[in-house]
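Novice: Data: query_13.pdb, PDB, C-alpha atoms.
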ATOM      1  CA  MET A  35      16.229 -27.574   2.320
ATOM      2  CA  ARG A  36      14.678 -25.424   5.049
ATOM      3  CA  LYS A  37      11.095 -26.345   5.917
ATOM      4  CA  ARG A  38       8.460 -23.731   5.049
ATOM      5  CA  THR A  39       6.773 -22.253   8.126
ATOM      6  CA  SER A  40       3.135 -23.345   8.313
ATOM      7  CA  LEU A  41       0.047 -22.017  10.067
ATOM      8  CA  LYS A  42       0.361 -24.953  12.434
ATOM      9  CA  ASP A  43       3.887 -23.864  13.452
ATOM     10  CA  ILE A  44       2.591 -20.426  14.416
ATOM     11  CA  ALA A  45      -0.393 -21.929  16.225
ATOM     12  CA  ASN A  46       1.846 -24.262  18.251
ATOM     13  CA  GLU A  47       4.116 -21.411  19.338
ATOM     14  CA  LEU A  48       1.160 -19.462  20.734
ATOM     15  CA  ASN A  49      -0.997 -22.391  21.829
ATOM     16  CA  VAL A  50      -3.923 -21.386  19.628
ATOM     17  CA  SER A  51      -5.777 -23.162  16.838
ATOM     18  CA  THR A  52      -4.694 -23.016  13.180
ATOM     19  CA  ALA A  53      -8.147 -21.601  12.402
ATOM     20  CA  VAL A  54      -7.450 -18.599  14.635
ATOM     21  CA  VAL A  55      -4.090 -18.025  12.934
ATOM     22  CA  SER A  56      -5.742 -18.301   9.514
ATOM     23  CA  TYR A  57      -8.418 -15.745  10.424
ATOM     24  CA  VAL A  58      -5.759 -13.238  11.522
ATOM     25  CA  LEU A  59      -3.367 -13.673   8.611
ATOM     26  CA  ASN A  60      -6.221 -13.454   6.105
ATOM     27  CA  ASN A  61      -7.629 -10.321   7.804
ATOM     28  CA  LYS A  62     -10.902 -12.026   8.678
ATOM     29  CA  TYR A  63     -10.611 -11.798  12.458
ATOM     30  CA  GLU A  64     -12.604  -8.611  13.155
ATOM     31  CA  GLY A  65     -15.303  -9.372  15.751
ATOM     32  CA  ARG A  66     -13.831 -12.831  16.362
ATOM     33  CA  ILE A  67     -10.383 -12.241  17.846
ATOM     34  CA  SER A  68      -9.022  -9.433  20.002
ATOM     35  CA  GLU A  69      -6.602  -6.920  18.522
ATOM     36  CA  ILE A  70      -4.018  -7.885  21.165
ATOM     37  CA  LYS A  71      -4.111 -11.568  20.225
ATOM     38  CA  ALA A  72      -4.112 -10.695  16.513
ATOM     39  CA  ALA A  73      -1.020  -8.515  16.995
ATOM     40  CA  LYS A  74       0.787 -11.399  18.739
ATOM     41  CA  ILE A  75      -0.050 -13.775  15.892
ATOM     42  CA  LYS A  76       1.157 -11.311  13.255
ATOM     43  CA  GLU A  77       4.381 -10.738  15.206
ATOM     44  CA  MET A  78       5.011 -14.474  15.516
ATOM     45  CA  ALA A  79       4.382 -14.934  11.794
ATOM     46  CA  LYS A  80       7.025 -12.278  11.106
ATOM     47  CA  THR A  81       9.460 -13.859  13.579
ATOM     48  CA  LEU A  82       9.083 -17.280  11.952
ATOM     49  CA  ASN A  83       9.363 -15.767   8.437
ATOM     50  CA  TYR A  84       5.946 -17.044   7.426
ATOM     51  CA  PHE A  85       4.865 -16.428   3.837
ATOM     52  CA  PRO A  86       1.470 -17.558   2.522
ATOM     53  CA  ASN A  87       1.580 -20.191  -0.177
ATOM     54  CA  GLN A  88      -0.112 -18.251  -2.979
ATOM     55  CA  ILE A  89       0.258 -21.145  -5.428
ATOM     56  CA  ALA A  90      -1.667 -23.476  -3.139
ATOM     57  CA  LYS A  91      -4.305 -20.802  -2.600
ATOM     58  CA  SER A  92      -4.756 -20.285  -6.316
ATOM     59  CA  LEU A  93      -5.141 -24.018  -6.918
ATOM     60  CA  ARG A  94      -7.838 -24.245  -4.264
ATOM     61  CA  LYS A  95      -9.738 -21.179  -5.500
ATOM     62  CA  ASP A  96      -8.835 -21.274  -9.197
ATOM     63  CA  GLN A  97      -7.507 -17.754  -8.647
ATOM     64  CA  THR A  98      -4.053 -16.253  -8.215
ATOM     65  CA  LEU A  99      -5.263 -13.367  -6.028
ATOM     66  CA  THR A 100      -3.233 -11.090  -8.293
ATOM     67  CA  ILE A 101      -4.341  -7.971 -10.162
ATOM     68  CA  GLY A 102      -2.483  -6.611 -13.168
ATOM     69  CA  LEU A 103      -2.160  -2.828 -13.450
ATOM     70  CA  ILE A 104      -1.023  -1.068 -16.627
ATOM     71  CA  ILE A 105      -0.550   2.696 -16.392
ATOM     72  CA  ALA A 106       0.476   5.342 -18.899
ATOM     73  CA  ASP A 107       3.571   6.785 -17.217
ATOM     74  CA  ILE A 108       4.889   5.987 -13.728
ATOM     75  CA  SER A 109       6.840   9.284 -13.697
ATOM     76  CA  ASN A 110       3.535  11.182 -13.875
ATOM     77  CA  LEU A 111       2.391  12.112 -10.360
ATOM     78  CA  PHE A 112      -1.212  11.313 -11.249
ATOM     79  CA  TYR A 113      -0.367   7.694 -12.017
ATOM     80  CA  SER A 114       2.167   7.189  -9.234
ATOM     81  CA  ASN A 115      -0.514   8.227  -6.740
ATOM     82  CA  ILE A 116      -3.127   6.038  -8.429
ATOM     83  CA  VAL A 117      -0.775   3.040  -8.111
ATOM     84  CA  ARG A 118      -0.477   3.612  -4.373
ATOM     85  CA  TYR A 119      -4.236   3.820  -3.847
ATOM     86  CA  ILE A 120      -4.869   0.736  -5.990
ATOM     87  CA  GLU A 121      -2.274  -1.209  -4.007
ATOM     88  CA  ASP A 122      -3.829  -0.066  -0.708
ATOM     89  CA  GLU A 123      -7.346  -1.070  -1.739
ATOM     90  CA  SER A 124      -6.173  -4.375  -3.229
ATOM     91  CA  LYS A 125      -4.441  -5.286   0.018
ATOM     92  CA  LYS A 126      -7.726  -4.854   1.883
ATOM     93  CA  HIS A 127      -9.159  -7.592  -0.341
ATOM     94  CA  ASN A 128      -6.046  -9.822  -0.043
ATOM     95  CA  TYR A 129      -4.947  -9.183  -3.630
ATOM     96  CA  ASN A 130      -1.413  -8.463  -4.800
ATOM     97  CA  VAL A 131      -0.691  -6.041  -7.644
ATOM     98  CA  ILE A 132       1.854  -6.311 -10.444
ATOM     99  CA  PHE A 133       2.155  -3.273 -12.679
ATOM    100  CA  GLY A 134       3.830  -1.973 -15.781
ATOM    101  CA  SER A 135       4.173   1.450 -17.406
ATOM    102  CA  MET A 136       3.595   1.621 -21.155
ATOM    103  CA  ASP A 137       4.703   5.225 -21.842
ATOM    104  CA  GLU A 138       1.702   5.913 -24.109
ATOM    105  CA  ASN A 139       3.038   3.283 -26.525
ATOM    106  CA  ALA A 140       0.405   1.031 -28.092
ATOM    107  CA  ASP A 141       2.822  -1.824 -28.861
ATOM    108  CA  LYS A 142       4.254  -1.784 -25.357
ATOM    109  CA  PHE A 143       0.729  -1.767 -23.976
ATOM    110  CA  ARG A 144      -0.193  -4.894 -25.944
ATOM    111  CA  GLU A 145       2.997  -6.616 -24.762
ATOM    112  CA  LEU A 146       2.206  -5.770 -21.134
ATOM    113  CA  VAL A 147      -1.323  -7.127 -21.501
ATOM    114  CA  GLN A 148       0.127 -10.432 -22.738
ATOM    115  CA  VAL A 149       2.608 -10.476 -19.853
ATOM    116  CA  MET A 150      -0.200  -9.968 -17.351
ATOM    117  CA  LEU A 151      -2.300 -12.719 -18.904
ATOM    118  CA  SER A 152       0.673 -15.117 -19.031
ATOM    119  CA  ARG A 153       1.086 -14.587 -15.289
ATOM    120  CA  GLN A 154      -2.543 -15.617 -14.875
ATOM    121  CA  VAL A 155      -3.693 -12.456 -13.139
ATOM    122  CA  ASP A 156      -7.349 -12.610 -12.114
ATOM    123  CA  GLY A 157      -8.097  -9.283 -13.793
ATOM    124  CA  VAL A 158      -6.522  -6.090 -15.091
ATOM    125  CA  ILE A 159      -6.863  -2.377 -14.346
ATOM    126  CA  LEU A 160      -5.530  -0.323 -17.217
ATOM    127  CA  ALA A 161      -5.118   3.129 -18.725
ATOM    128  CA  ALA A 162      -5.017   2.339 -22.435
ATOM    129  CA  PRO A 163      -3.232   4.562 -24.992
ATOM    130  CA  LYS A 164      -4.767   5.603 -28.282
ATOM    131  CA  GLY A 165      -4.919   2.977 -30.993
ATOM    132  CA  THR A 166      -5.543   0.035 -28.659
ATOM    133  CA  GLU A 167      -9.261  -0.426 -29.155
ATOM    134  CA  ASP A 168      -8.540  -3.863 -30.658
ATOM    135  CA  THR A 169      -6.935  -5.009 -27.404
ATOM    136  CA  LEU A 170      -9.880  -3.780 -25.342
ATOM    137  CA  VAL A 171     -12.274  -5.631 -27.650
ATOM    138  CA  TYR A 172     -10.138  -8.772 -27.307
ATOM    139  CA  LEU A 173     -10.234  -8.607 -23.494
ATOM    140  CA  ARG A 174     -13.973  -7.995 -23.550
ATOM    141  CA  ASP A 175     -14.743 -10.794 -26.009
ATOM    142  CA  GLN A 176     -12.517 -13.264 -24.147
ATOM    143  CA  ASP A 177     -14.451 -12.461 -20.970
ATOM    144  CA  ILE A 178     -11.295 -11.346 -19.151
ATOM    145  CA  PRO A 179     -12.180  -9.070 -16.212
ATOM    146  CA  PHE A 180     -10.763  -5.575 -16.712
ATOM    147  CA  VAL A 181     -11.485  -1.976 -15.748
ATOM    148  CA  LEU A 182     -10.422   1.066 -17.746
ATOM    149  CA  ILE A 183      -9.335   4.051 -15.654
ATOM    150  CA  ASP A 184      -8.803   7.701 -16.630
ATOM    151  CA  ARG A 185      -9.363   6.968 -20.337
ATOM    152  CA  TYR A 186     -12.510   6.617 -22.445
ATOM    153  CA  PHE A 187     -13.063   4.881 -25.781
ATOM    154  CA  PRO A 188     -16.688   5.634 -26.728
ATOM    155  CA  GLN A 189     -16.444   3.368 -29.771
ATOM    156  CA  VAL A 190     -15.835   0.299 -27.546
ATOM    157  CA  ALA A 191     -19.100  -0.673 -25.873
ATOM    158  CA  ASP A 192     -19.789  -2.803 -22.794
ATOM    159  CA  ILE A 193     -16.625  -2.176 -20.792
ATOM    160  CA  SER A 194     -16.302  -1.021 -17.191
ATOM    161  CA  THR A 195     -14.708   2.382 -16.568
ATOM    162  CA  VAL A 196     -13.782   4.672 -13.689
ATOM    163  CA  GLY A 197     -12.874   8.294 -14.340
ATOM    164  CA  ILE A 198     -13.967  11.900 -14.207
ATOM    165  CA  ASN A 199     -16.102  14.205 -16.337
ATOM    166  CA  ASN A 200     -13.292  16.055 -18.114
ATOM    167  CA  TYR A 201     -15.674  18.311 -20.018
ATOM    168  CA  GLN A 202     -17.355  19.465 -16.812
ATOM    169  CA  ALA A 203     -13.998  19.894 -15.066
ATOM    170  CA  SER A 204     -12.860  22.430 -17.677
ATOM    171  CA  GLN A 205     -16.222  24.189 -17.576
ATOM    172  CA  THR A 206     -15.754  24.614 -13.834
ATOM    173  CA  VAL A 207     -12.320  26.153 -14.435
ATOM    174  CA  VAL A 208     -13.807  28.758 -16.784
ATOM    175  CA  GLU A 209     -16.609  29.516 -14.315
ATOM    176  CA  HIS A 210     -13.977  30.106 -11.625
ATOM    177  CA  ILE A 211     -11.804  32.428 -13.697
ATOM    178  CA  ALA A 212     -14.805  34.320 -15.086
ATOM    179  CA  THR A 213     -15.998  34.974 -11.530
ATOM    180  CA  ASN A 214     -12.557  36.372 -10.698
ATOM    181  CA  GLY A 215     -12.629  38.843 -13.584
ATOM    182  CA  TYR A 216     -10.376  37.241 -16.196
ATOM    183  CA  LYS A 217     -11.524  38.104 -19.709
ATOM    184  CA  ASN A 218      -9.023  36.485 -22.069
ATOM    185  CA  PRO A 219      -7.814  33.067 -20.852
ATOM    186  CA  ALA A 220      -5.862  30.523 -22.905
ATOM    187  CA  MET A 221      -5.484  26.790 -22.537
ATOM    188  CA  VAL A 222      -2.157  25.031 -23.029
ATOM    189  CA  THR A 223      -2.635  21.327 -23.695
ATOM    190  CA  LEU A 224      -1.258  18.297 -25.510
ATOM    191  CA  HIS A 225      -1.716  17.656 -29.199
ATOM    192  CA  THR A 226      -3.413  14.256 -28.863
ATOM    193  CA  ASP A 227      -6.303  12.132 -30.070
ATOM    194  CA  LEU A 228      -7.052  10.814 -26.579
ATOM    195  CA  PHE A 229     -10.762  11.278 -25.965
ATOM    196  CA  HIS A 230     -10.497  12.464 -22.358
ATOM    197  CA  MET A 231      -8.052  15.214 -23.339
ATOM    198  CA  GLN A 232     -10.246  16.293 -26.231
ATOM    199  CA  GLU A 233     -13.168  16.524 -23.803
ATOM    200  CA  ARG A 234     -11.056  18.649 -21.475
ATOM    201  CA  THR A 235     -10.371  21.043 -24.361
ATOM    202  CA  ALA A 236     -13.987  21.082 -25.576
ATOM    203  CA  GLY A 237     -15.203  21.982 -22.091
ATOM    204  CA  PHE A 238     -12.846  24.953 -21.980
ATOM    205  CA  LYS A 239     -13.751  26.202 -25.442
ATOM    206  CA  ASN A 240     -17.516  25.982 -25.027
ATOM    207  CA  ALA A 241     -17.480  27.542 -21.575
ATOM    208  CA  ALA A 242     -15.250  30.405 -22.782
ATOM    209  CA  ARG A 243     -17.703  31.082 -25.604
ATOM    210  CA  ALA A 244     -20.747  30.934 -23.332
ATOM    211  CA  LEU A 245     -19.418  32.721 -20.242
ATOM    212  CA  LEU A 246     -16.828  35.127 -21.665
ATOM    213  CA  GLY A 247     -18.218  35.745 -25.143
ATOM    214  CA  ILE A 248     -14.993  34.671 -26.854
ATOM    215  CA  LYS A 249     -15.707  33.574 -30.426
ATOM    216  CA  GLU A 250     -12.442  31.651 -30.878
ATOM    217  CA  PRO A 251     -10.979  30.665 -27.492
ATOM    218  CA  GLU A 252      -7.185  30.469 -27.474
ATOM    219  CA  VAL A 253      -5.944  26.858 -27.233
ATOM    220  CA  VAL A 254      -2.263  26.000 -27.680
ATOM    221  CA  GLU A 255      -1.642  22.329 -28.505
ATOM    222  CA  ILE A 256       1.907  20.968 -28.188
ATOM    223  CA  LYS A 257       3.125  17.463 -28.979
ATOM    224  CA  GLU A 258       4.462  15.780 -25.858
ATOM    225  CA  ASP A 259       7.844  14.894 -27.386
ATOM    226  CA  VAL A 260       8.623  18.585 -28.079
ATOM    227  CA  LEU A 261       6.910  20.073 -25.030
ATOM    228  CA  SER A 262      10.074  21.209 -23.247
ATOM    229  CA  THR A 263      11.507  22.896 -26.353
ATOM    230  CA  GLU A 264       8.341  24.580 -27.664
ATOM    231  CA  ILE A 265       6.485  25.766 -24.592
ATOM    232  CA  GLU A 266       8.646  28.816 -23.901
ATOM    233  CA  GLY A 267       7.993  30.408 -27.270
ATOM    234  CA  ARG A 268       4.312  29.543 -27.162
ATOM    235  CA  MET A 269       3.910  31.011 -23.658
ATOM    236  CA  LEU A 270       5.636  34.269 -24.595
ATOM    237  CA  GLY A 271       3.420  34.444 -27.663
ATOM    238  CA  LEU A 272       0.335  34.260 -25.452
ATOM    239  CA  LEU A 273       1.553  37.201 -23.387
ATOM    240  CA  LYS A 274       1.990  39.278 -26.541
ATOM    241  CA  LYS A 275      -1.609  38.473 -27.477
ATOM    242  CA  GLY A 276      -2.873  39.920 -24.193
ATOM    243  CA  VAL A 277      -3.847  36.624 -22.558
ATOM    244  CA  ASP A 278      -4.544  37.255 -18.866
ATOM    245  CA  LEU A 279      -4.656  33.659 -17.557
ATOM    246  CA  VAL A 280      -3.268  30.289 -18.642
ATOM    247  CA  TYR A 281      -4.998  26.988 -17.937
ATOM    248  CA  PHE A 282      -2.521  24.084 -18.101
ATOM    249  CA  SER A 283      -4.316  20.842 -18.917
ATOM    250  CA  THR A 284      -1.871  18.452 -17.160
ATOM    251  CA  ASN A 285       0.599  18.772 -14.311
ATOM    252  CA  LYS A 286       3.470  17.876 -16.668
ATOM    253  CA  ILE A 287       2.605  20.835 -18.891
ATOM    254  CA  ALA A 288       2.132  22.988 -15.811
ATOM    255  CA  MET A 289       5.652  22.291 -14.530
ATOM    256  CA  GLU A 290       7.144  23.275 -17.885
ATOM    257  CA  GLY A 291       4.972  26.384 -18.091
ATOM    258  CA  LEU A 292       5.706  27.532 -14.546
ATOM    259  CA  ALA A 293       9.439  27.189 -15.236
ATOM    260  CA  VAL A 294       9.039  29.589 -18.170
ATOM    261  CA  MET A 295       7.273  32.080 -15.904
ATOM    262  CA  VAL A 296      10.081  31.935 -13.357
ATOM    263  CA  LYS A 297      12.740  32.345 -16.053
ATOM    264  CA  HIS A 298      11.059  35.481 -17.441
ATOM    265  CA  ASN A 299      10.014  36.922 -14.048
ATOM    266  CA  ILE A 300       6.328  36.903 -15.027
ATOM    267  CA  ASN A 301       4.281  38.132 -12.089
ATOM    268  CA  VAL A 302       1.446  35.784 -11.082
ATOM    269  CA  PRO A 303      -1.386  36.679 -11.014
ATOM    270  CA  ASP A 304      -0.943  40.383 -11.923
ATOM    271  CA  GLU A 305       0.629  39.751 -15.329
ATOM    272  CA  LEU A 306      -0.741  36.271 -15.882
ATOM    273  CA  GLY A 307      -3.122  34.132 -13.851
ATOM    274  CA  VAL A 308      -2.618  30.356 -13.626
ATOM    275  CA  VAL A 309      -4.851  27.325 -13.168
ATOM    276  CA  CYS A 310      -3.415  23.792 -13.406
ATOM    277  CA  PHE A 311      -5.086  20.438 -13.898
ATOM    278  CA  ASP A 312      -4.025  18.087 -11.089
ATOM    279  CA  GLU A 313      -1.951  18.920  -8.082
ATOM    280  CA  ALA A 314       1.797  18.459  -7.597
ATOM    281  CA  ASP A 315       4.066  18.860  -4.584
ATOM    282  CA  ALA A 316       6.428  20.870  -6.782
ATOM    283  CA  TYR A 317       3.844  23.668  -6.983
ATOM    284  CA  LYS A 318       4.780  24.476  -3.383
ATOM    285  CA  ILE A 319       8.189  25.821  -4.414
ATOM    286  CA  PHE A 320       6.669  28.310  -6.854
ATOM    287  CA  ASN A 321       6.588  31.847  -5.472
ATOM    288  CA  THR A 322       2.770  32.016  -5.696
ATOM    289  CA  SER A 323       0.301  29.410  -4.427
ATOM    290  CA  ILE A 324      -1.207  27.596  -7.406
ATOM    291  CA  THR A 325      -4.889  27.025  -8.153
ATOM    292  CA  PHE A 326      -5.526  23.510  -9.426
ATOM    293  CA  VAL A 327      -8.218  21.023 -10.397
ATOM    294  CA  LYS A 328      -8.233  18.239  -7.835
ATOM    295  CA  GLN A 329      -9.099  14.764  -9.059
ATOM    296  CA  PRO A 330     -10.449  12.204  -6.546
ATOM    297  CA  LEU A 331      -7.397   9.949  -6.911
ATOM    298  CA  GLN A 332      -8.082   7.771  -3.891
ATOM    299  CA  GLN A 333     -11.661   7.218  -4.981
ATOM    300  CA  ILE A 334     -10.583   6.351  -8.531
ATOM    301  CA  GLY A 335      -8.161   3.775  -7.154
ATOM    302  CA  SER A 336     -10.607   2.282  -4.662
ATOM    303  CA  GLU A 337     -13.561   2.149  -7.043
ATOM    304  CA  SER A 338     -11.524   0.521  -9.806
ATOM    305  CA  VAL A 339     -10.342  -2.262  -7.483
ATOM    306  CA  ARG A 340     -13.808  -2.907  -6.091
ATOM    307  CA  MET A 341     -15.296  -2.925  -9.590
ATOM    308  CA  LEU A 342     -12.652  -5.345 -10.840
ATOM    309  CA  ILE A 343     -13.103  -7.743  -7.938
ATOM    310  CA  SER A 344     -16.834  -7.735  -8.600
ATOM    311  CA  LEU A 345     -16.105  -8.709 -12.216
ATOM    312  CA  ILE A 346     -13.669 -11.405 -11.082
ATOM    313  CA  ASN A 347     -16.367 -12.840  -8.830
ATOM    314  CA  CYS A 348     -18.585 -13.389 -11.845
ATOM    315  CA  ASN A 349     -20.701 -10.257 -11.613
ATOM    316  CA  ARG A 350     -20.016  -9.484 -15.272
ATOM    317  CA  SER A 351     -22.451  -6.599 -15.717
ATOM    318  CA  THR A 352     -20.399  -3.624 -16.909
ATOM    319  CA  ARG A 353     -20.835  -0.121 -15.553
ATOM    320  CA  SER A 354     -19.168   3.269 -15.619
ATOM    321  CA  ILE A 355     -18.399   5.445 -12.618
ATOM    322  CA  VAL A 356     -17.931   9.163 -13.296
ATOM    323  CA  LEU A 357     -16.511  11.123 -10.368
ATOM    324  CA  ASP A 358     -16.500  14.854  -9.675
ATOM    325  CA  THR A 359     -13.465  17.129  -9.544
ATOM    326  CA  GLN A 360     -13.119  20.321  -7.533
ATOM    327  CA  ILE A 361     -11.272  23.609  -7.857
ATOM    328  CA  ILE A 362      -8.724  24.224  -5.100
ATOM    329  CA  ALA A 363      -8.425  28.005  -5.372
ATOM    330  CA  HIS A 364      -5.207  29.768  -4.428
ATOM    331  CA  HIS A 365      -3.526  33.095  -5.192
ATOM    332  CA  SER A 366      -2.510  32.281  -8.791
ATOM    333  CA  SER A 367      -6.111  32.868  -9.933
ATOM    334  CA  ALA A 368      -7.052  35.544  -7.424
ATOM    335  CA  ALA A 369      -9.337  38.353  -8.583
ATOM    336  CA  HIS A 370      -7.831  39.994 -11.668
ATOM    337  CA  LYS A 371      -6.199  43.376 -11.014
ATOM    338  CA  ASN A 372      -8.745  45.145 -13.204
ATOM    339  CA  ASP A 373     -11.553  43.540 -11.212
ATOM    340  CA  ARG A 374     -10.239  44.246  -7.716
ATOM    341  CA  LYS A 375     -11.898  46.815  -5.515
TER     342      LYS A 375
END
Let me see the structure of the file written as structure tokens.
Specialist:
Amino acid sequence: MRKRTSLKDIANELNVSTAVVSYVLNNKYEGRISEIKAAKIKEMAKTLNYFPNQIAKSLRKDQTLTIGLIIADISNLFYSNIVRYIEDESKKHNYNVIFGSMDENADKFRELVQVMLSRQVDGVILAAPKGTEDTLVYLRDQDIPFVLIDRYFPQVADISTVGINNYQASQTVVEHIATNGYKNPAMVTLHTDLFHMQERTAGFKNAARALLGIKEPEVVEIKEDVLSTEIEGRMLGLLKKGVDLVYFSTNKIAMEGLAVMVKHNINVPDELGVVCFDEADAYKIFNTSITFVKQPLQQIGSESVRMLISLINCNRSTRSIVLDTQIIAHHSSAAHKNDRK
């Protein structure tokens, strides 16, 4: 059996102490060791195929230096970007990340939680689906460190969360389109009980009433499993009603809605303005630049990791971080034709 490369082997090759090698490979060398020497040590570690013994580390520290991450849908650009930022921030703190995607399925979510716990992760970052309040309560009552991202469950107290103010984000959208002269906007969103999506809808409705004087703001709710088959008819119905702008509440809905516009040669923004929640690289291939609500994805990822590590290190006071969004305005919501000079 081939002998595992040790810190001492690397130290002997470079004629340095094992302490120096340890500082470099654990990213604790700043201010102690030059970047040139650190680079040589890292290169030698790679040459000798050195891998840290995580099992030995966990026995010494009573930690596995592993974070569990459970997201809603890895195919969603929002979550795939969040995963990257969480991995980047975790690496800075010498933590590894294992993740699973639960596809908005409560049973699959519970199974993934058990998998994470069986692997003895030090804590979990999760985006819980509806109907999983019991699992959150279990984690809380068992004193298992966890942070909820993107989602809110007001009925579950004393848990740590990182997310945005969805209500305010939609209000900001209405302020933007009102300023640009749109009078009759509609929102296309998911038919869901998820609190953060309901807040997104409530923000739109109340702002449309207050700023545009619309008694019953137009909101189209579509179940996710029939989104691709129903959205075309619902979009064409909005045009017949004289809607002058559509606000898509997720990037998944936006991609379906934009495809309908291309198919029917709907001119944006002259026939119909567009604002989307979240950005997507695919917007770039649309024939008009798309206005979107930008979420602070990197900050959500970084804050959730730092909050979780604080909980792991026995600072068990819970807190909630609410971050701001911003409107990235492009031509799809430019001043309405009736409002242009």
Novice: For the structure provided, state which residues fall under the PyMOL selection byres ((chain A and resi 184) around 6), and present them as a short mmCIF file (atom, residue, chain, number, x, y, z; two decimals) with C-alpha atoms, keeping the file's coordinate frame.
Specialist:
data_model
loop_
_atom_site.label_atom_id
_atom_site.label_comp_id
_atom_site.auth_asym_id
_atom_site.auth_seq_id
_atom_site.Cartn_x
_atom_site.Cartn_y
_atom_site.Cartn_z
CA ILE A 183 -9.34 4.05 -15.65
CA ARG A 185 -9.36 6.97 -20.34
CA GLY A 197 -12.87 8.29 -14.34
#
Novice: Rank nothing, just name the residue among A:Val253, A:Ile324, A:Pro179, A:Glu290 nearest to Asn349 of chain A, using all atoms listed in the file.
Specialist: A:Pro179
Novice: Report as a PyMOL selection string all protein, DNA and RNA residues lying within 12 Å of Val260 of chain A, evaluated on only C-alpha atoms, omitting residues in the same chain fewer than 6 positions from it.
Specialist: chain A and resi 224-225+266-268+287+290
Novice: Report as a tab-separated table (two decimals) with C-alpha atoms, keeping the file's coordinate frame the full result of the PyMOL selection byres ((chain A and resi 41-53) around 9) when it is applied to this structure.
Specialist:
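For reference, part13.tsv as written:
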chain	number	residue	atom	x	y	z
A	39	THR	CA	6.77	-22.25	8.13
A	40	SER	CA	3.14	-23.34	8.31
A	54	VAL	CA	-7.45	-18.60	14.64
A	55	VAL	CA	-4.09	-18.02	12.93
A	56	SER	CA	-5.74	-18.30	9.51
A	57	TYR	CA	-8.42	-15.74	10.42
A	58	VAL	CA	-5.76	-13.24	11.52
A	74	LYS	CA	0.79	-11.40	18.74
A	75	ILE	CA	-0.05	-13.78	15.89
A	78	MET	CA	5.01	-14.47	15.52
A	79	ALA	CA	4.38	-14.93	11.79
A	82	LEU	CA	9.08	-17.28	11.95
A	84	TYR	CA	5.95	-17.04	7.43
A	86	PRO	CA	1.47	-17.56	2.52
Novice: Just checking: using only C-alpha atoms, which residue out of A:Ile361, A:Asn61, A:Lys249, A:Tyr281 ends up closest to His127 of chain A?
Specialist: A:Asn61
Novice: Select all residues near (6.6, 23.6, -13.8) (cut-off 12 Å, inclusive, file coordinates), counting only C-alpha atoms, and output them as number ranges by chain.
Specialist: A: 261-262, 265-266, 282, 284-297, 308, 310, 313-321, 324
Novice: Spell out the residues picked by the PyMOL selection byres ((chain A and resi 211) around 12) here, as an MDAnalysis selection string.
Specialist: chainID A and resid 204:210 212:220 238 241:242 245:246 278:281 303 306:309 325:326 361 363:370 373
Novice: Write out as AutoDock Vina command-line options an axis-aligned box for segment 44-55 of chain A: all of its atoms listed in the file, 8 Å added on each side, centre and edge lengths in Å with one decimal.
Specialist:
--center_x -2.0 --center_y -21.1 --center_z 17.1 --size_x 28.3 --size_y 22.2 --size_z 25.4
Novice: Counting all atoms listed in the file, which of A:Leu173, A:Asp358, A:Met150, A:Ile334 gets nearest to Tyr113 of chain A?
Specialist: A:Ile334
Novice: With distances taken over only C-alpha atoms, which residue among A:Arg234, A:Arg118, A:Lys239, A:Lys275 lies nearest Gln333 of chain A?
Specialist: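 Distance minimum relative to Gln333 of chain A lands on A:Arg118.
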